[in-house]
file coords17.txt (compact mmCIF, C-alpha atoms)
# COMPACT_ATOMS: atom_id res chain seq x y z
CA MET A 291 -34.81 43.39 56.41
CA GLU A 292 -37.46 40.81 57.22
CA ALA A 293 -39.10 38.21 55.00
CA TYR A 294 -42.37 36.72 56.21
CA LEU A 295 -42.87 33.52 54.19
CA ASP A 296 -45.22 31.50 56.42
CA ASN A 297 -48.56 32.67 55.03
CA SER A 298 -50.06 29.17 55.03
CA ALA A 299 -49.82 29.30 58.82
CA THR A 300 -51.34 32.76 59.10
CA THR A 301 -51.34 36.06 57.25
CA PRO A 302 -50.85 39.65 58.45
CA LEU A 303 -54.08 41.63 58.65
CA CYS A 304 -54.95 43.85 55.72
CA SER A 305 -55.93 47.46 56.44
CA GLU A 306 -59.53 46.82 55.35
CA ALA A 307 -59.94 44.13 58.01
CA ILE A 308 -58.39 46.29 60.72
CA ASN A 309 -60.67 49.22 59.89
CA LYS A 310 -63.81 47.08 59.89
CA MET A 311 -62.86 45.42 63.15
CA ASN A 312 -62.28 48.82 64.71
CA TYR A 313 -65.77 49.84 63.59
CA ALA A 314 -67.28 46.66 65.07
CA MET A 315 -65.49 47.18 68.39
CA ARG A 316 -66.01 50.92 68.80
CA THR A 317 -69.32 51.65 67.07
CA CYS A 318 -71.25 48.49 66.27
CA TRP A 319 -70.46 46.45 69.38
CA GLY A 320 -73.93 45.16 70.29
CA ASN A 321 -75.09 41.55 70.58
CA PRO A 322 -76.70 40.55 67.24
CA SER A 323 -79.40 38.66 69.16
CA SER A 324 -80.57 41.72 71.10
CA LEU A 325 -83.78 43.35 69.91
CA HIS A 326 -82.88 46.98 70.63
CA ALA A 327 -81.27 49.37 68.13
CA ASN A 328 -77.73 48.47 69.20
CA GLY A 329 -78.40 44.77 68.64
CA ILE A 330 -80.19 45.37 65.35
CA ALA A 331 -77.19 47.29 64.02
CA ALA A 332 -74.91 44.39 64.96
CA SER A 333 -77.33 41.93 63.34
CA GLU A 334 -77.26 43.94 60.14
CA LEU A 335 -73.45 43.89 60.18
CA LEU A 336 -73.56 40.11 60.69
CA GLU A 337 -75.85 39.58 57.71
CA GLU A 338 -73.83 41.97 55.56
CA SER A 339 -70.75 39.90 56.38
CA ARG A 340 -72.61 36.70 55.53
CA ARG A 341 -73.62 38.11 52.14
CA ILE A 342 -70.03 39.03 51.33
CA ILE A 343 -68.72 35.53 52.09
CA ALA A 344 -71.62 33.93 50.20
CA ASN A 345 -70.86 36.10 47.18
CA LYS A 346 -67.25 34.89 47.18
CA LEU A 347 -68.48 31.28 47.07
CA SER A 348 -71.32 31.98 44.62
CA CYS A 349 -73.88 30.55 47.02
CA GLU A 350 -76.88 31.80 49.04
CA SER A 351 -76.40 33.72 52.28
CA ASP A 352 -78.38 31.17 54.29
CA GLU A 353 -75.86 28.50 53.28
CA ILE A 354 -73.02 30.26 55.14
CA PHE A 355 -72.49 29.54 58.84
CA PHE A 356 -69.82 31.38 60.80
CA THR A 357 -67.43 29.42 63.02
CA SER A 358 -64.23 30.13 64.93
CA GLY A 359 -62.05 28.96 62.03
CA GLY A 360 -61.11 26.10 59.71
CA THR A 361 -60.60 23.56 62.48
CA GLU A 362 -64.07 24.04 63.93
CA SER A 363 -65.63 24.09 60.46
CA ASN A 364 -63.95 20.76 59.66
CA ASN A 365 -65.07 19.23 62.96
CA ILE A 366 -68.67 20.34 62.49
CA ALA A 367 -68.67 19.05 58.91
CA VAL A 368 -67.01 15.65 59.36
CA LEU A 369 -68.46 14.60 62.70
CA GLY A 370 -71.81 16.26 62.10
CA ALA A 371 -72.31 14.66 58.68
CA ALA A 372 -71.15 11.18 59.68
CA ASN A 373 -73.40 11.02 62.73
CA ALA A 374 -76.36 12.43 60.83
CA MET A 375 -75.99 9.75 58.13
CA LYS A 376 -74.87 6.72 60.14
CA ARG A 377 -78.19 4.90 59.78
CA ARG A 378 -77.63 4.80 56.01
CA GLY A 379 -74.16 3.29 56.07
CA SER A 380 -70.86 3.01 57.88
CA ARG A 381 -68.15 3.69 55.30
CA VAL A 382 -66.44 7.10 55.22
CA ILE A 383 -63.64 8.11 52.86
CA THR A 384 -60.84 10.63 53.18
CA THR A 385 -57.21 10.91 52.04
CA SER A 386 -53.93 10.11 53.78
CA VAL A 387 -52.76 13.74 53.51
CA GLU A 388 -55.53 15.72 55.18
CA HIS A 389 -55.02 18.47 57.74
CA SER A 390 -55.00 17.18 61.32
CA SER A 391 -58.40 18.76 61.99
CA VAL A 392 -59.86 16.34 59.44
CA GLU A 393 -57.61 13.33 60.08
CA ASP A 394 -58.24 13.46 63.84
CA CYS A 395 -62.00 13.56 63.22
CA PHE A 396 -61.76 10.45 61.07
CA GLN A 397 -59.74 8.79 63.80
CA GLN A 398 -62.62 9.51 66.17
CA LEU A 399 -65.07 8.02 63.68
CA GLU A 400 -62.87 4.94 63.40
CA ASN A 401 -62.91 4.60 67.18
CA GLN A 402 -66.72 4.73 67.01
CA GLY A 403 -66.81 1.79 64.60
CA PHE A 404 -67.02 3.52 61.22
CA ASP A 405 -65.26 1.89 58.29
CA VAL A 406 -62.65 4.54 57.46
CA ILE A 407 -60.90 4.45 54.06
CA ARG A 408 -57.85 6.67 53.62
CA LEU A 409 -56.90 7.08 49.98
CA ARG A 410 -53.18 6.77 49.29
CA VAL A 411 -51.27 9.39 47.29
CA ASN A 412 -48.44 9.24 44.80
CA GLY A 413 -45.09 11.04 44.96
CA ASN A 414 -46.79 14.30 44.04
CA GLY A 415 -49.27 14.02 46.91
CA MET A 416 -52.13 13.28 44.50
CA ILE A 417 -54.77 10.60 44.94
CA ASP A 418 -55.52 8.11 42.16
CA GLU A 419 -59.16 8.68 41.22
CA ARG A 420 -59.46 4.99 40.30
CA GLN A 421 -58.78 4.19 43.95
CA LEU A 422 -61.58 6.58 44.92
CA TYR A 423 -64.05 4.93 42.57
CA ALA A 424 -63.04 1.45 43.80
CA ALA A 425 -63.55 2.44 47.45
CA THR A 426 -66.95 4.07 46.91
CA ASN A 427 -69.94 1.75 47.30
CA PRO A 428 -73.58 2.20 48.43
CA SER A 429 -72.54 2.09 52.11
CA VAL A 430 -70.45 5.29 51.80
CA ILE A 431 -72.05 8.19 53.67
CA LEU A 432 -69.24 10.76 53.68
CA ILE A 433 -66.27 11.69 51.50
CA SER A 434 -63.92 14.42 52.76
CA MET A 435 -61.08 15.73 50.59
CA MET A 436 -59.01 18.90 50.89
CA TYR A 437 -58.78 21.15 47.85
CA VAL A 438 -55.19 22.37 48.32
CA ASN A 439 -52.69 20.59 50.52
CA ASN A 440 -51.34 22.89 53.21
CA GLU A 441 -47.80 21.44 53.18
CA VAL A 442 -46.93 20.92 49.52
CA GLY A 443 -49.67 22.75 47.60
CA THR A 444 -51.03 19.73 45.71
CA ILE A 445 -54.46 20.38 44.20
CA GLN A 446 -56.75 17.37 44.62
CA PRO A 447 -59.48 16.40 42.10
CA VAL A 448 -62.30 17.07 44.57
CA GLU A 449 -64.91 17.07 41.80
CA PHE A 450 -64.44 13.30 41.39
CA ALA A 451 -65.89 12.67 44.86
CA LYS A 452 -69.47 13.48 43.83
CA ARG A 453 -69.06 11.58 40.56
CA ALA A 454 -67.85 8.50 42.41
CA ALA A 455 -70.79 8.71 44.82
CA ILE A 456 -73.32 9.03 42.01
CA GLN A 457 -71.79 6.18 40.00
CA SER A 458 -71.83 3.83 43.00
CA GLY A 459 -75.32 4.77 44.13
CA ALA A 460 -74.03 6.10 47.45
CA ASN A 461 -76.10 8.73 49.22
CA ALA A 462 -72.91 10.41 50.46
CA ILE A 463 -72.26 13.91 51.78
CA ILE A 464 -69.19 15.49 50.18
CA HIS A 465 -66.99 17.75 52.32
CA CYS A 466 -64.08 19.87 51.14
CA ASP A 467 -61.49 21.54 53.34
CA ALA A 468 -60.84 24.64 51.20
CA VAL A 469 -58.95 26.63 53.84
CA GLN A 470 -55.78 26.90 51.72
CA ALA A 471 -57.74 27.39 48.48
CA PHE A 472 -60.11 30.21 49.43
CA GLY A 473 -59.08 33.45 47.74
CA LYS A 474 -56.39 31.70 45.68
CA VAL A 475 -58.45 29.63 43.23
CA PRO A 476 -62.04 30.12 41.99
CA LEU A 477 -64.37 28.25 44.34
CA ASN A 478 -67.99 27.36 43.63
CA PRO A 479 -69.18 24.45 45.80
CA TYR A 480 -72.04 23.71 43.43
CA ASN A 481 -69.74 23.39 40.44
CA ILE A 482 -67.29 21.24 42.40
CA GLY A 483 -70.11 19.06 43.67
CA VAL A 484 -69.61 19.46 47.41
CA ASP A 485 -72.22 19.74 50.13
CA LEU A 486 -69.93 21.18 52.81
CA MET A 487 -66.94 23.50 52.43
CA SER A 488 -64.66 24.89 55.16
CA ILE A 489 -62.87 28.24 54.88
CA SER A 490 -60.92 30.44 57.29
CA SER A 491 -60.32 34.14 57.88
CA HIS A 492 -56.70 34.31 58.95
CA LYS A 493 -55.46 32.68 55.73
CA ILE A 494 -56.75 35.63 53.64
CA HIS A 495 -55.41 38.55 55.72
CA GLY A 496 -58.36 38.56 58.08
CA PRO A 497 -58.30 38.04 61.87
CA LYS A 498 -57.92 34.77 63.73
CA GLY A 499 -61.04 33.46 65.44
CA ALA A 500 -63.36 33.51 62.44
CA GLY A 501 -64.16 31.01 59.71
CA ALA A 502 -67.16 29.72 57.85
CA LEU A 503 -68.80 26.51 56.74
CA PHE A 504 -70.81 26.31 53.54
CA VAL A 505 -73.75 23.95 54.04
CA LYS A 506 -75.71 23.16 50.90
CA LYS A 507 -79.45 23.41 51.42
CA GLY A 508 -80.91 20.09 52.49
CA THR A 509 -77.64 18.71 53.86
CA LYS A 510 -78.07 16.91 57.17
CA LEU A 511 -75.74 17.79 60.05
CA ASN A 512 -75.91 16.77 63.68
CA PRO A 513 -74.86 19.72 65.89
CA ARG A 514 -71.73 19.31 68.01
CA THR A 515 -72.43 22.07 70.55
CA PHE A 516 -75.62 23.29 72.19
CA GLY A 517 -76.93 26.35 73.95
CA GLY A 518 -78.41 28.87 71.57
CA LEU A 519 -80.19 29.63 68.31
CA GLN A 520 -77.25 31.40 66.66
CA GLU A 521 -76.17 30.16 63.20
CA GLN A 522 -79.34 28.03 63.06
CA LYS A 523 -77.98 25.91 65.94
CA ILE A 524 -75.09 24.63 63.82
CA ARG A 525 -72.69 26.81 65.80
CA PRO A 526 -74.50 28.33 68.80
CA GLY A 527 -73.04 31.09 70.92
CA THR A 528 -72.77 34.87 70.69
CA GLU A 529 -71.13 35.74 67.38
CA PRO A 530 -67.64 37.36 67.62
CA MET A 531 -68.59 40.34 65.49
CA PRO A 532 -65.19 42.07 65.27
CA ALA A 533 -63.64 38.87 63.90
CA ILE A 534 -66.54 38.15 61.55
CA ALA A 535 -66.61 41.71 60.27
CA GLY A 536 -62.85 41.64 59.71
CA PHE A 537 -63.19 38.30 57.90
CA ALA A 538 -65.77 39.73 55.52
CA ALA A 539 -63.74 42.88 54.93
CA ALA A 540 -60.65 40.81 54.09
CA ALA A 541 -62.71 38.68 51.70
CA LYS A 542 -64.16 41.76 50.02
CA ALA A 543 -60.65 43.23 49.63
CA MET A 544 -59.30 40.16 47.83
CA PRO A 545 -58.11 41.11 44.33
CA GLU A 546 -59.08 39.26 41.15
CA ILE A 547 -57.87 35.70 41.55
CA LYS A 548 -56.24 35.59 38.12
CA ASP A 549 -54.12 38.63 38.97
CA SER A 550 -52.90 37.39 42.35
CA LEU A 551 -52.36 33.90 40.92
CA ALA A 552 -50.17 35.32 38.14
CA HIS A 553 -48.14 37.22 40.77
CA ALA A 554 -47.71 34.08 42.91
CA THR A 555 -46.77 31.93 39.91
CA ALA A 556 -44.08 34.36 38.77
CA LEU A 557 -42.58 34.46 42.29
CA ARG A 558 -42.73 30.67 42.70
CA ASP A 559 -41.09 30.04 39.32
CA TYR A 560 -38.35 32.56 40.09
CA PHE A 561 -37.65 30.99 43.48
CA ILE A 562 -37.59 27.40 42.19
CA SER A 563 -35.26 28.31 39.32
CA ARG A 564 -32.78 29.75 41.84
CA VAL A 565 -33.09 27.25 44.65
CA SER A 566 -32.90 24.24 42.30
CA ALA A 567 -29.42 25.37 41.29
CA MET A 568 -28.20 25.05 44.89
CA GLU A 569 -26.38 21.92 46.04
CA ASN A 570 -28.23 19.41 48.22
CA VAL A 571 -31.61 21.10 47.75
CA THR A 572 -34.65 19.22 46.44
CA VAL A 573 -38.14 20.55 45.71
CA ASN A 574 -40.86 18.41 47.30
CA SER A 575 -43.89 20.21 45.86
CA PRO A 576 -45.14 18.99 42.47
CA ALA A 577 -44.66 21.21 39.43
CA ASN A 578 -48.41 21.84 39.16
CA ALA A 579 -48.90 22.70 42.85
CA LEU A 580 -50.68 25.87 43.86
CA PRO A 581 -47.84 28.44 43.58
CA TYR A 582 -48.53 29.90 47.01
CA VAL A 583 -46.94 26.86 48.70
CA THR A 584 -43.47 25.46 47.96
CA ASN A 585 -41.93 22.68 50.04
CA ILE A 586 -38.19 22.06 49.78
CA SER A 587 -35.56 19.99 51.58
CA VAL A 588 -32.08 21.30 52.33
CA LEU A 589 -30.43 17.94 52.82
CA GLY A 590 -28.21 17.60 55.86
CA ILE A 591 -29.79 20.43 57.86
CA PRO A 592 -32.71 19.43 60.13
CA SER A 593 -35.87 21.47 59.64
CA GLU A 594 -35.88 22.94 63.14
CA VAL A 595 -32.23 23.99 62.87
CA MET A 596 -32.86 25.70 59.52
CA ILE A 597 -36.02 27.42 60.75
CA ASN A 598 -34.21 28.81 63.79
CA TYR A 599 -31.22 29.92 61.72
CA LEU A 600 -33.44 31.75 59.25
CA SER A 601 -35.54 33.21 62.05
CA ASN A 602 -32.44 34.80 63.55
CA MET A 603 -31.97 36.55 60.20
CA GLY A 604 -35.59 37.77 60.19
CA ILE A 605 -36.71 35.16 57.66
CA TYR A 606 -39.83 33.26 58.69
CA VAL A 607 -40.72 29.87 57.19
CA SER A 608 -42.10 26.67 58.69
CA GLY A 609 -41.51 22.93 58.74
CA GLY A 610 -45.03 22.15 57.55
CA SER A 611 -48.45 22.50 59.11
CA ALA A 612 -48.56 24.97 61.99
CA CYS A 613 -50.89 22.56 63.81
CA SER A 614 -48.30 19.74 63.78
CA LYS A 615 -45.94 21.63 66.16
CA GLY A 616 -42.73 20.01 64.97
CA ARG A 617 -43.95 16.46 64.43
CA LYS A 618 -42.74 14.59 61.37
CA SER A 619 -44.89 15.28 58.35
CA ARG A 620 -47.59 12.68 57.60
CA VAL A 621 -47.95 14.26 54.17
CA LEU A 622 -44.34 13.84 53.10
CA LYS A 623 -44.29 10.31 54.51
CA ALA A 624 -47.44 9.43 52.56
CA MET A 625 -45.74 10.78 49.43
CA GLY A 626 -42.96 8.24 49.94
CA LEU A 627 -40.15 10.70 50.62
CA SER A 628 -36.97 9.50 52.32
CA ASP A 629 -36.30 10.25 55.97
CA ASP A 630 -33.50 12.63 54.95
CA ARG A 631 -35.89 14.72 52.89
CA ILE A 632 -38.64 14.63 55.52
CA ASN A 633 -36.29 15.61 58.35
CA SER A 634 -34.91 18.58 56.41
CA ALA A 635 -38.13 19.84 54.82
CA ILE A 636 -39.26 23.45 55.10
CA ARG A 637 -42.36 25.13 53.70
CA ILE A 638 -42.24 28.52 52.00
CA SER A 639 -45.70 30.05 51.65
CA ILE A 640 -46.32 33.40 50.02
CA SER A 641 -49.19 35.85 49.72
CA ARG A 642 -50.22 38.59 47.33
CA PHE A 643 -48.04 40.97 49.35
CA THR A 644 -44.84 38.89 49.02
CA THR A 645 -42.01 40.50 47.05
CA LYS A 646 -39.12 39.19 44.97
CA GLN A 647 -36.77 40.90 47.42
CA GLU A 648 -38.08 38.70 50.24
CA LEU A 649 -37.38 35.57 48.21
CA ASP A 650 -33.89 36.85 47.39
CA TYR A 651 -33.28 37.32 51.10
CA LEU A 652 -34.47 33.75 51.72
CA LEU A 653 -32.07 32.44 49.07
CA THR A 654 -29.27 34.36 50.80
CA GLY A 655 -30.30 32.84 54.11
CA LEU A 656 -30.35 29.30 52.75
CA ALA A 657 -26.88 29.71 51.24
CA SER A 658 -25.59 31.20 54.48
CA ALA A 659 -27.02 28.31 56.50
CA GLN A 660 -25.40 25.73 54.23
CA LYS A 661 -22.03 27.49 54.44
CA ASN A 662 -22.05 27.90 58.22
CA MET A 663 -23.39 24.41 58.93
CA LYS A 664 -20.62 22.97 56.76
CA LYS A 665 -18.04 24.89 58.81
CA MET A 666 -19.55 23.60 62.06
CA LYS A 667 -19.37 20.03 60.82

call {"tool": "encode", "arguments": {"input": "coords17.txt", "output": "structure tokens"}}
result
Amino acid sequence: MEAYLDNSATTPLCSEAINKMNYAMRTCWGNPSSLHANGIAASELLEESRRIIANKLSCESDEIFFTSGGTESNNIAVLGAANAMKRRGSRVITTSVEHSSVEDCFQQLENQGFDVIRLRVNGNGMIDERQLYAATNPSVILISMMYVNNEVGTIQPVEFAKRAAIQSGANAIIHCDAVQAFGKVPLNPYNIGVDLMSISSHKIHGPKGAGALFVKKGTKLNPRTFGGLQEQKIRPGTEPMPAIAGFAAAAKAMPEIKDSLAHATALRDYFISRVSAMENVTVNSPANALPYVTNISVLGIPSEVMINYLSNMGIYVSGGSACSKGRKSRVLKAMGLSDDRINSAIRISISRFTTKQELDYLLTGLASAQKNMKKMK
């Protein structure tokens, strides 16, 4: 059998997305900017897709802008907001455990002379909100914080960002990378107090190549690319309609969050109860992490060795963020984990389609790896 347990990296397409993409490629394949009937049909499909995504975020359709994915959404948000607001201040705040598409943007801002504050985290990967309040002053123009950590599943208190800005008198834009949260927890950017929110298609059983950025009305953003009127100039270029249509179909097909969350929690609890009984295995994710992501260390077996061993059995996990490509985890280091735990860490990420049988097969694979590695030693 096979066990695909790397859903935080990408998810298999659901049938609804495949069918809608097929329709967009075979029937409704026009350019949405064209004025003839073929283009108008594509434009209507584009706006239908926008309404579906907006409905999932409880916002207005004209606050949703389609992008190529979470990375582009994060780049547009962070760099666009900072450069739009730089006359009002120079301090920008983020955390030490952000996805590379956010961290690398803040590194660019630092190179440009911005005062970058990276909030530290504790052993559970959680920021101390007192540190956030202490760092926020009237010169802060941007705060960017992910909702769910992609490596360990920690849920950050994003709602405190707006409160800290208001208390300090800062006229700051609040951005949230919600790529790992979308479809797994209830998301309403207005309730959370964010001005910008990034989401992605291929994390919810939609196609790669599509994502979206929520931009609250009145939020200033400097564009990063130029050359067309599409997406109100925030992301110009002919819209990839098959990907966008598939994204919307996948979002529409998402079940009630409470139901899928209960399923994920039951699977996570079952897995942790079994894996914790194994020798030389530690759980790196906090107990209150989002149950879709569980990070463990099998001490004594390097991550890459374990991943390859499991892969040969048809069990697919990862060593952390897919964008890190084997580099040591910044997240686990920021959490204060030992080198032994960091070097042997693997991430198990499930979806609503994951079964108990797949987790049982993973447990068998882990035990087999430990036994065979011991023999080799």

call {"tool": "closest_atom_pairs", "arguments": {"input": "coords17.txt", "of": "segment 297-392 of chain A", "to": "segment 543-552 of chain A", "cutoff": "12 Å", "atoms": "only C-alpha atoms", "output": "JSON lines"}}
result
{"residue": "A:Leu303", "atom": "CA", "partner": "A:Ala543", "partner_atom": "CA", "distance": 11.3}
{"residue": "A:Cys304", "atom": "CA", "partner": "A:Ala543", "partner_atom": "CA", "distance": 8.4}
{"residue": "A:Ser305", "atom": "CA", "partner": "A:Ala543", "partner_atom": "CA", "distance": 9.3}
{"residue": "A:Glu306", "atom": "CA", "partner": "A:Ala543", "partner_atom": "CA", "distance": 6.8}
{"residue": "A:Ala307", "atom": "CA", "partner": "A:Ala543", "partner_atom": "CA", "distance": 8.5}
{"residue": "A:Ile308", "atom": "CA", "partner": "A:Ala543", "partner_atom": "CA", "distance": 11.7}
{"residue": "A:Asn309", "atom": "CA", "partner": "A:Ala543", "partner_atom": "CA", "distance": 11.9}
{"residue": "A:Lys310", "atom": "CA", "partner": "A:Ala543", "partner_atom": "CA", "distance": 11.4}
{"residue": "A:Ile342", "atom": "CA", "partner": "A:Ala543", "partner_atom": "CA", "distance": 10.4}
{"residue": "A:Ile343", "atom": "CA", "partner": "A:Met544", "partner_atom": "CA", "distance": 11.3}
{"residue": "A:Lys346", "atom": "CA", "partner": "A:Met544", "partner_atom": "CA", "distance": 9.6}

call {"tool": "write_last_selection", "arguments": {"input": "coords17.txt", "atoms": "C-alpha atoms", "output": "PDB file, keeping the file's coordinate frame"}}
result
ATOM      1  CA  LEU A 303     -54.080  41.630  58.650  1.00  0.00           C
ATOM      2  CA  CYS A 304     -54.950  43.850  55.720  1.00  0.00           C
ATOM      3  CA  SER A 305     -55.930  47.460  56.440  1.00  0.00           C
ATOM      4  CA  GLU A 306     -59.530  46.820  55.350  1.00  0.00           C
ATOM      5  CA  ALA A 307     -59.940  44.130  58.010  1.00  0.00           C
ATOM      6  CA  ILE A 308     -58.390  46.290  60.720  1.00  0.00           C
ATOM      7  CA  ASN A 309     -60.670  49.220  59.890  1.00  0.00           C
ATOM      8  CA  LYS A 310     -63.810  47.080  59.890  1.00  0.00           C
ATOM      9  CA  ILE A 342     -70.030  39.030  51.330  1.00  0.00           C
ATOM     10  CA  ILE A 343     -68.720  35.530  52.090  1.00  0.00           C
ATOM     11  CA  LYS A 346     -67.250  34.890  47.180  1.00  0.00           C
TER      12      LYS A 346
END

call {"tool": "atom_distance", "arguments": {"input": "coords17.txt", "atom1": "atom CA of Ser563 of chain A", "atom2": "atom CA of Lys646 of chain A"}}
result
12.9 Å

call {"tool": "residues_near_point", "arguments": {"input": "coords17.txt", "point": "(-72.2, 0.8, 49.8)", "cutoff": "7 Å", "atoms": "all atoms listed in the file", "output": "PyMOL selection string"}}
result
chain A and resi 426-430+460

call {"tool": "write_last_selection", "arguments": {"input": "coords17.txt", "atoms": "C-alpha atoms", "output": "short mmCIF file (atom, residue, chain, number, x, y, z; two decimals), in the coordinates of the input"}}
result
data_model
loop_
_atom_site.label_atom_id
_atom_site.label_comp_id
_atom_site.auth_asym_id
_atom_site.auth_seq_id
_atom_site.Cartn_x
_atom_site.Cartn_y
_atom_site.Cartn_z
CA THR A 426 -66.95 4.07 46.91
CA ASN A 427 -69.94 1.75 47.30
CA PRO A 428 -73.58 2.20 48.43
CA SER A 429 -72.54 2.09 52.11
CA VAL A 430 -70.45 5.29 51.80
CA ALA A 460 -74.03 6.10 47.45
#

call {"tool": "closest_residue", "arguments": {"input": "coords17.txt", "among": "A:Ile366, A:Leu422, A:Ala659, A:Leu653", "to": "Asp467 of chain A", "atoms": "all atoms listed in the file"}}
result
A:Ile366

call {"tool": "closest_residue", "arguments": {"input": "coords17.txt", "among": "A:Thr645, A:Ser601, A:Thr509, A:Ser587", "to": "Ser628 of chain A", "atoms": "all atoms listed in the file"}}
result
A:Ser587

call {"tool": "build_atoms", "arguments": {"input": "coords17.txt", "residues": "segment 498-509 of chain A", "atoms": "N, CA, C and O atoms", "output": "CSV table (one decimal), keeping the file's coordinate frame"}}
result
chain,number,residue,atom,x,y,z
A,498,LYS,N,-57.7,36.1,63.2
A,498,LYS,CA,-57.9,34.8,63.7
A,498,LYS,C,-59.2,34.8,64.5
A,498,LYS,O,-59.7,35.8,65.0
A,499,GLY,N,-59.8,33.6,64.7
A,499,GLY,CA,-61.0,33.5,65.4
A,499,GLY,C,-62.3,33.5,64.6
A,499,GLY,O,-63.4,33.5,65.2
A,500,ALA,N,-62.2,33.5,63.3
A,500,ALA,CA,-63.4,33.5,62.4
A,500,ALA,C,-63.1,32.6,61.2
A,500,ALA,O,-62.0,32.5,60.7
A,501,GLY,N,-64.2,31.9,60.9
A,501,GLY,CA,-64.2,31.0,59.7
A,501,GLY,C,-65.6,30.8,59.3
A,501,GLY,O,-66.5,31.4,59.8
A,502,ALA,N,-65.8,30.0,58.3
A,502,ALA,CA,-67.2,29.7,57.8
A,502,ALA,C,-67.3,28.3,57.3
A,502,ALA,O,-66.3,27.7,56.9
A,503,LEU,N,-68.5,27.8,57.3
A,503,LEU,CA,-68.8,26.5,56.7
A,503,LEU,C,-70.0,26.7,55.8
A,503,LEU,O,-71.0,27.2,56.2
A,504,PHE,N,-69.7,26.4,54.5
A,504,PHE,CA,-70.8,26.3,53.5
A,504,PHE,C,-71.6,25.0,53.8
A,504,PHE,O,-71.0,23.9,53.8
A,505,VAL,N,-72.9,25.1,53.9
A,505,VAL,CA,-73.8,24.0,54.0
A,505,VAL,C,-74.8,24.0,53.0
A,505,VAL,O,-75.7,24.9,53.0
A,506,LYS,N,-74.7,23.2,52.0
A,506,LYS,CA,-75.7,23.2,50.9
A,506,LYS,C,-77.1,22.9,51.5
A,506,LYS,O,-77.3,22.1,52.4
A,507,LYS,N,-78.1,23.6,50.9
A,507,LYS,CA,-79.4,23.4,51.4
A,507,LYS,C,-79.9,22.0,51.3
A,507,LYS,O,-79.7,21.3,50.3
A,508,GLY,N,-80.5,21.5,52.4
A,508,GLY,CA,-80.9,20.1,52.5
A,508,GLY,C,-79.9,19.1,53.1
A,508,GLY,O,-80.2,17.9,53.3
A,509,THR,N,-78.7,19.6,53.3
A,509,THR,CA,-77.6,18.7,53.9
A,509,THR,C,-77.9,18.5,55.4
A,509,THR,O,-78.1,19.4,56.1
